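Asks: Next up, run.csv (CSV, C-alpha atoms and all ligand atoms).
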```
chain,number,residue,atom,x,y,z
A,3,MET,CA,1.8,-12.7,24.5
A,4,ALA,CA,-0.1,-13.3,21.2
A,5,HIS,CA,-1.0,-10.3,19.0
A,6,ARG,CA,-4.7,-9.9,18.4
A,7,VAL,CA,-5.0,-8.9,14.8
A,8,THR,CA,-8.1,-8.3,12.7
A,9,LEU,CA,-8.1,-10.4,9.5
A,10,ILE,CA,-10.2,-9.2,6.6
A,11,PRO,CA,-9.8,-11.9,3.9
A,12,GLY,CA,-11.7,-9.9,1.3
A,13,ASP,CA,-13.1,-10.8,-2.1
A,14,GLY,CA,-11.9,-12.8,-5.2
A,15,ILE,CA,-8.4,-14.1,-4.6
A,16,GLY,CA,-8.4,-12.5,-1.1
A,17,PRO,CA,-9.4,-15.6,1.0
A,18,GLU,CA,-6.7,-17.9,-0.5
A,19,LEU,CA,-4.0,-15.2,-0.2
A,20,ALA,CA,-5.1,-14.6,3.5
A,21,GLU,CA,-4.9,-18.3,4.2
A,22,ALA,CA,-1.4,-18.5,2.7
A,23,THR,CA,-0.2,-15.4,4.5
A,24,THR,CA,-1.5,-16.4,8.0
A,25,ARG,CA,0.2,-19.8,7.6
A,26,VAL,CA,3.5,-18.0,6.9
A,27,LEU,CA,3.0,-15.6,9.9
A,28,ASP,CA,2.1,-18.5,12.2
A,29,ALA,CA,5.4,-20.2,11.1
A,30,THR,CA,7.4,-17.3,12.4
A,31,GLY,CA,6.6,-18.5,15.9
A,32,ILE,CA,5.2,-15.1,16.9
A,33,GLY,CA,1.7,-15.8,18.4
A,34,PHE,CA,-1.3,-14.4,16.6
A,35,GLU,CA,-5.0,-14.4,17.5
A,36,TRP,CA,-6.9,-13.7,14.3
A,37,GLU,CA,-10.1,-11.9,14.7
A,38,THR,CA,-11.6,-12.7,11.3
A,39,VAL,CA,-14.3,-10.3,9.9
A,40,GLN,CA,-15.9,-10.2,6.5
A,41,ALA,CA,-16.2,-7.2,4.2
A,42,GLY,CA,-16.9,-6.9,0.5
A,43,GLU,CA,-19.3,-8.2,-2.1
A,44,ALA,CA,-20.1,-11.4,-0.2
A,45,VAL,CA,-21.6,-9.6,2.8
A,46,ILE,CA,-23.8,-7.0,0.9
A,47,ALA,CA,-26.8,-9.3,0.9
A,48,GLU,CA,-26.6,-10.0,4.6
A,49,TYR,CA,-25.7,-6.4,5.9
A,50,GLY,CA,-26.9,-4.2,3.1
A,51,THR,CA,-23.4,-2.7,2.9
A,52,PRO,CA,-19.9,-4.1,1.9
A,53,LEU,CA,-18.4,-2.5,5.0
A,54,PRO,CA,-20.4,-3.6,8.1
A,55,ASP,CA,-19.9,-1.7,11.4
A,56,ASN,CA,-18.4,-4.8,13.0
A,57,VAL,CA,-15.4,-4.6,10.7
A,58,ILE,CA,-14.5,-1.0,11.7
A,59,GLU,CA,-15.2,-1.8,15.4
A,60,SER,CA,-12.9,-4.8,15.2
A,61,VAL,CA,-10.0,-2.7,13.8
A,62,ARG,CA,-10.7,0.0,16.4
A,63,ARG,CA,-10.4,-2.6,19.1
A,64,THR,CA,-7.3,-4.5,17.8
A,65,LYS,CA,-5.7,-1.4,16.2
A,66,VAL,CA,-4.1,-3.5,13.5
A,67,ALA,CA,-5.5,-5.4,10.5
A,68,LEU,CA,-4.3,-7.5,7.7
A,69,LYS,CA,-6.6,-7.1,4.7
A,70,GLY,CA,-7.1,-8.9,1.4
A,71,PRO,CA,-8.4,-7.0,-1.7
A,72,ILE,CA,-12.0,-6.0,-1.9
A,73,THR,CA,-14.1,-5.7,-5.1
A,74,THR,CA,-15.6,-2.2,-5.7
A,75,PRO,CA,-18.5,-2.7,-8.1
A,76,VAL,CA,-18.1,-0.1,-10.8
A,77,GLY,CA,-20.9,2.5,-11.0
A,78,SER,CA,-22.9,0.9,-8.2
A,79,GLY,CA,-24.2,2.9,-5.3
A,80,PHE,CA,-21.5,1.6,-2.9
A,81,ARG,CA,-18.4,3.6,-2.1
A,82,SER,CA,-15.1,1.7,-2.2
A,83,VAL,CA,-14.7,-0.3,1.0
A,84,ASN,CA,-11.0,0.6,0.9
A,85,VAL,CA,-11.6,4.3,0.8
A,86,GLY,CA,-14.4,3.9,3.5
A,87,LEU,CA,-12.0,2.0,5.9
A,88,ARG,CA,-9.2,4.5,5.4
A,89,GLN,CA,-11.6,7.4,6.1
A,90,ALA,CA,-13.4,5.8,9.1
A,91,LEU,CA,-10.1,4.9,10.8
A,92,GLY,CA,-8.2,8.0,9.9
A,93,LEU,CA,-5.6,6.0,8.1
A,94,TYR,CA,-3.9,9.1,6.6
A,95,ALA,CA,-0.7,7.6,5.3
A,96,ASN,CA,-0.5,5.0,2.6
A,97,VAL,CA,3.1,3.5,2.4
A,98,ARG,CA,4.1,1.4,-0.6
A,99,PRO,CA,7.6,0.2,-0.9
A,100,ALA,CA,8.8,-0.8,-4.4
A,101,ARG,CA,12.0,-2.8,-4.3
A,102,SER,CA,13.6,-4.9,-7.1
A,103,MET,CA,13.8,-8.6,-6.4
A,104,LYS,CA,16.1,-11.1,-8.1
A,105,GLY,CA,14.3,-13.7,-10.2
A,106,LEU,CA,11.5,-11.4,-11.4
A,107,ASP,CA,11.5,-10.5,-15.1
A,108,THR,CA,11.7,-6.7,-14.9
A,109,ARG,CA,13.4,-3.9,-16.9
A,110,TYR,CA,15.3,-2.6,-13.9
A,111,GLU,CA,17.4,-4.1,-11.2
A,112,ASP,CA,18.2,-1.4,-8.6
A,113,VAL,CA,14.8,0.1,-7.7
A,114,ASP,CA,14.3,0.8,-4.1
A,115,LEU,CA,11.6,3.4,-3.7
A,116,VAL,CA,9.0,4.1,-1.0
A,117,ILE,CA,5.8,5.9,-2.0
A,118,VAL,CA,4.1,7.8,0.8
A,119,ARG,CA,0.6,8.7,-0.4
A,120,GLU,CA,-1.9,11.0,1.4
A,121,ASN,CA,-4.9,8.9,2.0
A,122,THR,CA,-7.8,11.0,3.2
A,123,GLU,CA,-8.5,13.8,0.8
A,124,ASP,CA,-7.9,15.1,-2.7
A,125,LEU,CA,-10.4,13.8,-5.3
A,126,TYR,CA,-10.9,10.7,-3.1
A,127,ALA,CA,-13.0,12.8,-0.6
A,128,GLY,CA,-15.8,11.6,-2.9
A,129,ILE,CA,-17.5,15.0,-3.3
A,130,GLU,CA,-19.1,14.8,-6.7
A,131,HIS,CA,-22.4,16.1,-8.2
A,132,MET,CA,-24.1,16.5,-11.5
A,133,VAL,CA,-24.3,20.1,-12.9
A,134,GLY,CA,-27.4,19.7,-15.0
A,135,PRO,CA,-27.9,16.4,-17.0
A,136,ASP,CA,-24.7,16.6,-19.1
A,137,ALA,CA,-21.9,17.7,-16.8
A,138,ALA,CA,-20.4,16.3,-13.6
A,139,GLU,CA,-18.1,17.9,-11.1
A,140,SER,CA,-15.7,16.3,-8.7
A,141,ILE,CA,-14.2,18.5,-6.0
A,142,LYS,CA,-10.5,18.2,-5.1
A,143,ILE,CA,-9.9,19.1,-1.4
A,144,ILE,CA,-6.3,19.8,-0.3
A,145,THR,CA,-5.8,21.1,3.3
A,146,ARG,CA,-2.7,22.4,4.9
A,147,ALA,CA,-3.2,20.2,8.0
A,148,ALA,CA,-3.4,16.9,5.9
A,149,SER,CA,-0.5,18.0,3.6
A,150,GLU,CA,1.8,18.9,6.5
A,151,ARG,CA,0.9,15.6,8.3
A,152,ILE,CA,1.7,13.4,5.3
A,153,ALA,CA,4.9,15.4,4.6
A,154,ARG,CA,6.0,15.0,8.2
A,155,TYR,CA,5.2,11.3,8.0
A,156,ALA,CA,7.4,11.0,4.9
A,157,PHE,CA,10.3,12.7,6.5
A,158,GLU,CA,10.0,10.8,9.8
A,159,TYR,CA,9.8,7.6,7.7
A,160,ALA,CA,13.0,8.6,5.9
A,161,VAL,CA,14.8,9.3,9.2
A,162,ALA,CA,13.6,6.0,10.8
A,163,ASN,CA,14.6,3.9,7.8
A,164,GLY,CA,17.9,5.4,6.9
A,165,ARG,CA,16.7,7.1,3.7
A,166,HIS,CA,18.3,10.2,2.3
A,167,ARG,CA,15.8,12.1,0.2
A,168,VAL,CA,12.1,13.0,0.0
A,169,THR,CA,10.7,14.1,-3.4
A,170,ALA,CA,7.3,15.9,-3.3
A,171,VAL,CA,5.2,15.2,-6.4
A,172,HIS,CA,2.5,17.7,-7.6
A,173,LYS,CA,1.0,19.7,-10.5
A,174,ALA,CA,1.3,23.1,-8.8
A,175,ASN,CA,2.0,24.7,-12.2
A,176,ILE,CA,-1.6,24.1,-13.2
A,177,MET,CA,-3.5,23.7,-9.9
A,178,LYS,CA,-1.8,26.6,-8.2
A,179,LEU,CA,-4.1,26.7,-5.2
A,180,SER,CA,-4.7,23.0,-4.3
A,181,ASP,CA,-1.4,21.5,-5.4
A,182,GLY,CA,0.3,24.8,-4.6
A,183,LEU,CA,-0.8,24.3,-1.0
A,184,PHE,CA,0.5,20.7,-1.0
A,185,LEU,CA,3.9,21.8,-2.2
A,186,GLU,CA,4.1,24.7,0.2
A,187,SER,CA,3.2,22.4,3.1
A,188,CYS,CA,6.0,20.0,2.0
A,189,ARG,CA,8.5,22.8,1.9
A,190,THR,CA,7.5,24.0,5.3
A,191,ILE,CA,8.0,20.5,6.8
A,192,ALA,CA,11.2,20.0,4.8
A,193,ALA,CA,12.8,23.0,6.6
A,194,ASP,CA,12.6,21.0,9.9
A,195,TYR,CA,14.8,18.3,8.4
A,196,GLU,CA,17.4,20.5,6.6
A,197,GLY,CA,20.9,19.0,6.8
A,198,ARG,CA,19.5,15.5,7.6
A,199,ILE,CA,17.1,14.6,4.7
A,200,GLU,CA,17.3,16.2,1.3
A,201,PHE,CA,14.2,17.6,-0.3
A,202,GLU,CA,13.2,18.3,-3.9
A,203,ASP,CA,10.0,18.4,-5.9
A,204,ARG,CA,8.8,17.2,-9.3
A,205,ILE,CA,5.8,17.9,-11.4
A,206,VAL,CA,3.8,14.7,-11.7
A,207,ASP,CA,4.1,14.2,-15.5
A,208,ASN,CA,7.9,14.7,-15.4
A,209,MET,CA,8.0,12.3,-12.4
A,210,CYS,CA,6.4,9.6,-14.5
A,211,MET,CA,9.0,10.0,-17.2
A,212,GLN,CA,11.9,10.1,-14.7
A,213,LEU,CA,10.6,7.0,-13.0
A,214,VAL,CA,10.5,5.1,-16.3
A,215,GLN,CA,13.9,6.3,-17.3
A,216,LYS,CA,15.9,6.3,-14.1
A,217,PRO,CA,13.9,5.0,-11.1
A,218,GLU,CA,17.1,4.1,-9.2
A,219,LEU,CA,17.7,7.9,-8.6
A,220,TYR,CA,14.6,8.2,-6.4
A,221,ASP,CA,14.2,7.4,-2.7
A,222,VAL,CA,11.0,8.4,-0.8
A,223,LEU,CA,8.2,10.1,-2.8
A,224,VAL,CA,5.4,12.0,-1.1
A,225,LEU,CA,2.2,12.6,-3.0
A,226,PRO,CA,-1.4,13.7,-2.8
A,227,ASN,CA,-4.0,10.9,-3.0
A,228,LEU,CA,-4.7,10.6,-6.7
A,229,TYR,CA,-1.1,10.9,-8.0
A,230,GLY,CA,0.0,8.6,-5.2
A,231,ASP,CA,-2.5,5.9,-6.4
A,232,ILE,CA,-1.3,6.1,-10.0
A,233,ILE,CA,2.4,6.4,-9.3
A,234,SER,CA,2.4,3.5,-6.9
A,235,ASP,CA,1.0,1.2,-9.6
A,236,LEU,CA,3.6,2.5,-11.9
A,237,CYS,CA,6.3,1.7,-9.4
A,238,ALA,CA,4.8,-1.7,-8.7
A,239,GLY,CA,5.3,-2.3,-12.5
A,240,LEU,CA,9.0,-1.3,-12.2
A,241,VAL,CA,9.7,-4.1,-9.7
A,242,GLY,CA,7.6,-7.0,-11.0
A,243,GLY,CA,3.9,-6.1,-11.0
A,244,LEU,CA,0.9,-5.9,-8.8
A,245,GLY,CA,1.4,-9.5,-7.5
A,246,VAL,CA,4.5,-8.4,-5.5
A,247,ALA,CA,3.6,-4.9,-4.3
A,248,PRO,CA,2.8,-4.5,-0.6
A,249,GLY,CA,1.2,-1.6,1.2
A,250,ALA,CA,0.4,-0.2,4.7
A,251,ASN,CA,-2.2,2.3,5.7
A,252,ILE,CA,-1.2,4.1,8.9
A,253,GLY,CA,-3.2,6.3,11.2
A,254,THR,CA,-2.7,7.6,14.6
A,255,ASP,CA,-4.8,4.9,16.3
A,256,ALA,CA,-4.9,2.0,13.8
A,257,ALA,CA,-3.0,0.5,10.9
A,258,VAL,CA,-4.3,-1.7,8.0
A,259,PHE,CA,-1.8,-3.7,5.9
A,260,GLU,CA,-2.9,-4.7,2.4
A,261,PRO,CA,-1.5,-5.4,-1.0
A,262,VAL,CA,-1.7,-2.8,-3.8
A,263,HIS,CA,-3.5,-5.2,-6.1
A,264,GLY,CA,-7.2,-5.8,-6.4
A,265,SER,CA,-9.4,-8.9,-6.1
A,266,ALA,CA,-8.5,-10.4,-9.6
A,267,PRO,CA,-11.9,-12.2,-9.8
A,268,LYS,CA,-10.9,-14.3,-12.8
A,269,TYR,CA,-8.3,-16.2,-10.6
A,270,ALA,CA,-10.5,-16.5,-7.5
A,271,GLY,CA,-10.5,-20.0,-6.0
A,272,LEU,CA,-8.1,-21.4,-8.6
A,273,ASP,CA,-5.0,-21.6,-6.3
A,274,LYS,CA,-3.1,-19.5,-8.9
A,275,ALA,CA,-2.7,-16.0,-7.5
A,276,ASN,CA,0.5,-14.8,-6.1
A,277,PRO,CA,0.4,-14.2,-2.3
A,278,THR,CA,3.7,-12.2,-2.3
A,279,ALA,CA,2.1,-8.8,-2.0
A,280,LEU,CA,0.0,-9.8,1.0
A,281,ILE,CA,2.9,-11.7,2.7
A,282,LEU,CA,5.2,-8.6,2.2
A,283,SER,CA,2.4,-6.4,3.6
A,284,ALA,CA,2.3,-8.8,6.6
A,285,ALA,CA,6.1,-8.2,7.0
A,286,LEU,CA,5.4,-4.5,7.1
A,287,MET,CA,2.9,-5.3,9.8
A,288,LEU,CA,5.5,-7.3,11.8
A,289,ARG,CA,7.7,-4.2,11.8
A,290,HIS,CA,4.7,-2.1,13.0
A,291,LEU,CA,4.1,-4.7,15.8
A,292,GLY,CA,7.8,-4.4,16.9
A,293,HIS,CA,9.2,-7.5,15.3
A,294,PRO,CA,11.7,-6.1,12.7
A,295,ASP,CA,13.9,-9.2,12.8
A,296,GLN,CA,11.0,-11.5,12.0
A,297,ALA,CA,10.0,-9.1,9.2
A,298,ILE,CA,13.4,-9.4,7.7
A,299,ARG,CA,13.3,-13.2,8.1
A,300,VAL,CA,9.9,-13.3,6.2
A,301,GLU,CA,11.1,-10.9,3.5
A,302,THR,CA,14.4,-12.9,3.0
A,303,ALA,CA,12.5,-16.2,2.7
A,304,VAL,CA,10.2,-14.6,0.1
A,305,ARG,CA,13.1,-13.2,-1.8
A,306,ASP,CA,15.0,-16.4,-1.7
A,307,VAL,CA,12.1,-18.5,-3.0
A,308,ILE,CA,11.5,-16.0,-5.8
A,309,ALA,CA,15.3,-15.8,-6.7
A,310,GLU,CA,15.5,-19.6,-6.8
A,311,GLY,CA,12.5,-19.6,-9.2
A,312,ARG,CA,11.5,-23.3,-8.8
A,313,THR,CA,8.3,-23.0,-6.7
A,314,VAL,CA,6.8,-19.7,-7.9
A,315,THR,CA,3.3,-18.8,-9.2
A,316,TYR,CA,2.4,-18.3,-12.8
A,317,ASP,CA,3.0,-14.5,-12.9
A,318,MET,CA,6.6,-15.1,-11.8
A,319,GLY,CA,7.2,-17.6,-14.5
A,320,GLY,CA,6.3,-20.8,-12.5
A,321,THR,CA,3.6,-23.3,-12.2
A,322,THR,CA,3.3,-23.6,-8.4
A,323,GLY,CA,0.0,-22.6,-6.8
A,324,THR,CA,-0.7,-20.0,-4.1
A,325,ALA,CA,-0.5,-22.7,-1.3
A,326,GLY,CA,2.6,-24.4,-2.7
A,327,PHE,CA,4.4,-21.1,-2.9
A,328,ALA,CA,3.5,-20.4,0.7
A,329,ASP,CA,4.7,-23.9,1.6
A,330,ALA,CA,8.1,-23.1,0.1
A,331,ILE,CA,8.4,-19.9,2.1
A,332,ILE,CA,7.4,-21.8,5.3
A,333,ALA,CA,10.0,-24.4,4.6
A,334,ARG,CA,12.7,-21.7,4.5
A,335,LEU,CA,11.4,-20.2,7.8
A,336,THR,CA,11.5,-23.5,9.6
A,337,VAL,CA,14.9,-24.8,8.6
B,1,LIG,P1,-6.6,-6.4,-10.0
B,1,LIG,O1,-5.4,-6.0,-9.3
B,1,LIG,O2,-7.6,-7.2,-9.2
B,1,LIG,O3,-6.1,-7.3,-11.2
B,1,LIG,C1,-5.5,-6.8,-12.4
B,1,LIG,C2,-4.7,-8.0,-13.0
B,1,LIG,O4,-3.5,-8.1,-12.2
B,1,LIG,C3,-5.3,-9.3,-12.8
B,1,LIG,O5,-6.1,-9.7,-13.9
B,1,LIG,C4,-4.1,-10.2,-12.7
B,1,LIG,O6,-3.7,-10.5,-14.0
B,1,LIG,C5,-3.1,-9.4,-12.0
B,1,LIG,N1,-3.0,-9.7,-10.6
B,1,LIG,C6,-3.4,-8.9,-9.5
B,1,LIG,N2,-3.1,-9.4,-8.4
B,1,LIG,C7,-2.5,-10.6,-8.6
B,1,LIG,C8,-1.9,-11.6,-7.8
B,1,LIG,N3,-1.9,-11.5,-6.5
B,1,LIG,N4,-1.4,-12.6,-8.4
B,1,LIG,C9,-1.3,-12.7,-9.7
B,1,LIG,N5,-1.8,-11.8,-10.6
B,1,LIG,C10,-2.4,-10.7,-10.0
B,1,LIG,O7,-7.2,-5.1,-10.6
B,1,LIG,P2,-8.6,-4.8,-11.3
B,1,LIG,O8,-9.0,-6.0,-12.2
B,1,LIG,O9,-8.6,-3.5,-11.8
B,1,LIG,O10,-9.7,-4.8,-10.1
B,1,LIG,C11,-10.5,-5.9,-9.7
B,1,LIG,C12,-11.3,-5.5,-8.4
B,1,LIG,O11,-10.4,-5.2,-7.3
B,1,LIG,C13,-12.1,-4.2,-8.7
B,1,LIG,O12,-13.3,-4.4,-8.1
B,1,LIG,C14,-11.3,-3.1,-7.9
B,1,LIG,O13,-12.1,-2.1,-7.5
B,1,LIG,C15,-10.7,-3.9,-6.8
B,1,LIG,N6,-9.5,-3.3,-6.2
B,1,LIG,C16,-9.4,-3.4,-4.9
B,1,LIG,C17,-8.2,-3.0,-4.2
B,1,LIG,C18,-8.1,-3.1,-2.8
B,1,LIG,O14,-8.9,-3.9,-2.1
B,1,LIG,N7,-7.2,-2.4,-2.1
B,1,LIG,C19,-7.2,-2.4,-5.0
B,1,LIG,C20,-7.3,-2.3,-6.4
B,1,LIG,C21,-8.5,-2.8,-7.0
```
So that I can check it, write out the structure of this file as structure tokens.
Replies:
Amino acid sequence: MAHRVTLIPGDGIGPELAEATTRVLDATGIGFEWETVQAGEAVIAEYGTPLPDNVIESVRRTKVALKGPITTPVGSGFRSVNVGLRQALGLYANVRPARSMKGLDTRYEDVDLVIVRENTEDLYAGIEHMVGPDAAESIKIITRAASERIARYAFEYAVANGRHRVTAVHKANIMKLSDGLFLESCRTIAADYEGRIEFEDRIVDNMCMQLVQKPELYDVLVLPNLYGDIISDLCAGLVGGLGVAPGANIGTDAAVFEPVHGSAPKYAGLDKANPTALILSAALMLRHLGHPDQAIRVETAVRDVIAEGRTVTYDMGGTTGTAGFADAIIARLTV
């Protein structure tokens, strides 16, 4: 039976990446019925919001979405669609694997990290106000419930994926209450996995240095929202940049798969952008839908085309366009 999946092509380079990715997915032979809905800049004039209700309703119905990047106009009245979607659908875990690939020009060869980022609170709760005309205050919310839930997700992920260690990242030496609660929650959950999954913690600034010096020493990282956002871009850089970094947002009732990168407006419509991150996000979606073998097939095809280096996009040192790169992957899937 075909899987019904919500497709949100997004802004900028999103639509051409979505086109490339759905072609790759269709080539796997798994049936998909795409429920395409629009969100982002393009729909503001029509709906008065970049996140119309029908988008959320569609994901609630299908329970799974593949999403392109969406522009967040800086300083405008609109909240980020990405943050809005995660909150409306209760997508509490943001999972971002960062794994080295042959053929990419990077400083490291053996990186194999998974970042598990808390997705619903911290400074992203969006509670800000002016204190008089010349000061602004943003409120950082950390709760025991959300921290224990994300820690448990990280440990369960480690168990399910044959991982050995979870590292909690925090700044509890300075934010003793908020980050202190996050760390305490991680320690509480870690106790349930003692003897099976190792646990350690790192202060976020030290973590940045360690990741730049010896990223191969780390396995699964669990972080509050803001540090998770920053560290996942850092880790994307370790393995070849934003163009190749996939992501998954997981909730109890729905999951949304999307690349780490944004809408790169300067490349929109040029058939230049790299679809790898969205295609690898789609492979994460295949695992979620119960097709781990097909996920590996897609990942292997992507890795092989990149390792070979003949038909890759500009950011991977080639001259092939978005569509041509997808064609090369499809050719590998259909031999
Ligand atoms: P960006 O990721 O869009 O682009 C940064 C640079 O990275 C680009 O100039 C480009 O050189 C490169 N790049 C990114 N994706 C690439 C790809 N697939 N192939 C080749 N090169 C690629 O980040 P930005 O410029 O900071 O943000 C642009 C817009 O995207 C903003 O409005 C931002 O809010 C939004 N954004 C959305 C998401 C999301 O939808 N999840 C995430 C991040 C940023």
Asks: Chain A near ligand LIG 1 (chain B) within 9 Å: what's each residue's closest atom pair and its distance in Å to one decimal, counting all atoms listed in the file, ordered by chain then ascending residue number, as a tab-separated table?
Replies:
```
residue	atom	partner	partner_atom	distance
A:Gly12	CA	B:LIG1	O14	7.4
A:Asp13	CA	B:LIG1	O14	8.1
A:Gly14	CA	B:LIG1	C12	8.0
A:Ile15	CA	B:LIG1	N3	7.3
A:Gly16	CA	B:LIG1	N3	8.5
A:Leu19	CA	B:LIG1	N3	7.6
A:Gly42	CA	B:LIG1	O14	8.9
A:Lys69	CA	B:LIG1	O14	7.9
A:Gly70	CA	B:LIG1	O14	6.4
A:Pro71	CA	B:LIG1	O14	3.2
A:Ile72	CA	B:LIG1	O14	3.7
A:Thr73	CA	B:LIG1	O12	3.4
A:Thr74	CA	B:LIG1	O13	3.9
A:Pro75	CA	B:LIG1	O12	5.5
A:Val76	CA	B:LIG1	O12	7.0
A:Ser82	CA	B:LIG1	O13	7.2
A:Val83	CA	B:LIG1	O14	7.5
A:Asn84	CA	B:LIG1	N7	5.7
A:Val85	CA	B:LIG1	N7	8.5
A:Gly243	CA	B:LIG1	O4	7.8
A:Leu244	CA	B:LIG1	C6	5.3
A:Gly245	CA	B:LIG1	C8	3.9
A:Val246	CA	B:LIG1	N3	7.2
A:Ala247	CA	B:LIG1	N3	8.9
A:Glu260	CA	B:LIG1	N7	6.6
A:Pro261	CA	B:LIG1	N7	6.5
A:Val262	CA	B:LIG1	C19	5.6
A:His263	CA	B:LIG1	O1	3.8
A:Gly264	CA	B:LIG1	O2	3.2
A:Ser265	CA	B:LIG1	O2	4.0
A:Ala266	CA	B:LIG1	O2	3.3
A:Pro267	CA	B:LIG1	C11	6.5
A:Lys268	CA	B:LIG1	O5	6.7
A:Tyr269	CA	B:LIG1	O5	7.6
A:Lys274	CA	B:LIG1	C9	7.1
A:Ala275	CA	B:LIG1	N4	3.7
A:Asn276	CA	B:LIG1	N4	3.7
A:Pro277	CA	B:LIG1	N3	5.5
A:Thr278	CA	B:LIG1	N3	7.0
A:Ala279	CA	B:LIG1	N3	6.6
A:Leu280	CA	B:LIG1	N3	7.9
A:Thr315	CA	B:LIG1	C9	7.7
A:Tyr316	CA	B:LIG1	C9	7.4
A:Asp317	CA	B:LIG1	C9	5.7
A:Met318	CA	B:LIG1	C9	8.5
A:Thr324	CA	B:LIG1	N4	8.6
```
Asks: Can you tell me which residues surround Ala256 (chain A) at a distance of at most 9 Å, considering all atoms listed in the file, apart from same-chain residues fewer than 5 positions away, and format the answer as a PyMOL selection string?
Replies: chain A and resi 61-67+91-93+251
Asks: To one decimal place, how far is CA of Ala47 (chain A) from CA of Ala250 (chain A) in Å?
Replies: 28.9 Å
Asks: Using all atoms listed in the file, which of A:Asp203, A:Glu59, A:Asp114, A:Asp329 sits nearest Glu218 (chain A)?
Replies: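 Of all the options, A:Asp114 lies closest to Glu218 (chain A).
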Asks: Between A:Thr313, A:Arg119, A:Glu150, A:Val300, which residue has the minimum interatomic distance to Ile232 (chain A), considering all atoms listed in the file?
Replies: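 Between A:Thr313, A:Arg119, A:Glu150, A:Val300, the residue approaching Ile232 (chain A) most closely is A:Arg119.
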Asks: Generate the missing atoms of region 206-222 of chain A up to N, CA and C atoms and report them as a compact mmCIF listing (two decimals), in the frame of the given file.
Replies:
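New file part_3.txt:
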```
# COMPACT_ATOMS: atom_id res chain seq x y z
N VAL A 206 4.19 16.07 -11.62
CA VAL A 206 3.80 14.70 -11.70
C VAL A 206 4.10 14.05 -13.10
N ASP A 207 3.86 14.80 -14.17
CA ASP A 207 4.10 14.20 -15.50
C ASP A 207 5.58 13.97 -15.73
N ASN A 208 6.40 14.93 -15.33
CA ASN A 208 7.90 14.70 -15.40
C ASN A 208 8.29 13.56 -14.54
N MET A 209 7.65 13.45 -13.35
CA MET A 209 8.00 12.30 -12.40
C MET A 209 7.78 10.99 -13.11
N CYS A 210 6.66 10.88 -13.85
CA CYS A 210 6.40 9.60 -14.50
C CYS A 210 7.49 9.26 -15.51
N MET A 211 7.93 10.28 -16.28
CA MET A 211 9.00 10.00 -17.20
C MET A 211 10.29 9.64 -16.53
N GLN A 212 10.61 10.39 -15.48
CA GLN A 212 11.90 10.10 -14.70
C GLN A 212 11.84 8.71 -14.14
N LEU A 213 10.68 8.30 -13.63
CA LEU A 213 10.60 7.00 -13.00
C LEU A 213 10.78 5.86 -14.03
N VAL A 214 10.33 6.11 -15.25
CA VAL A 214 10.50 5.10 -16.30
C VAL A 214 11.94 5.10 -16.79
N GLN A 215 12.57 6.27 -16.81
CA GLN A 215 13.90 6.30 -17.30
C GLN A 215 15.03 5.99 -16.32
N LYS A 216 14.87 6.50 -15.08
CA LYS A 216 15.90 6.30 -14.10
C LYS A 216 15.36 6.17 -12.67
N PRO A 217 14.60 5.11 -12.45
CA PRO A 217 13.90 5.00 -11.10
C PRO A 217 14.92 4.83 -9.99
N GLU A 218 16.13 4.38 -10.30
CA GLU A 218 17.10 4.10 -9.20
C GLU A 218 17.57 5.45 -8.58
N LEU A 219 17.26 6.60 -9.20
CA LEU A 219 17.70 7.90 -8.60
C LEU A 219 16.77 8.36 -7.49
N TYR A 220 15.60 7.71 -7.33
CA TYR A 220 14.60 8.20 -6.40
C TYR A 220 14.58 7.38 -5.11
N ASP A 221 14.10 8.00 -4.03
CA ASP A 221 14.20 7.40 -2.70
C ASP A 221 12.77 7.33 -2.08
N VAL A 222 12.37 8.38 -1.36
CA VAL A 222 11.00 8.40 -0.80
C VAL A 222 10.24 9.49 -1.58
```
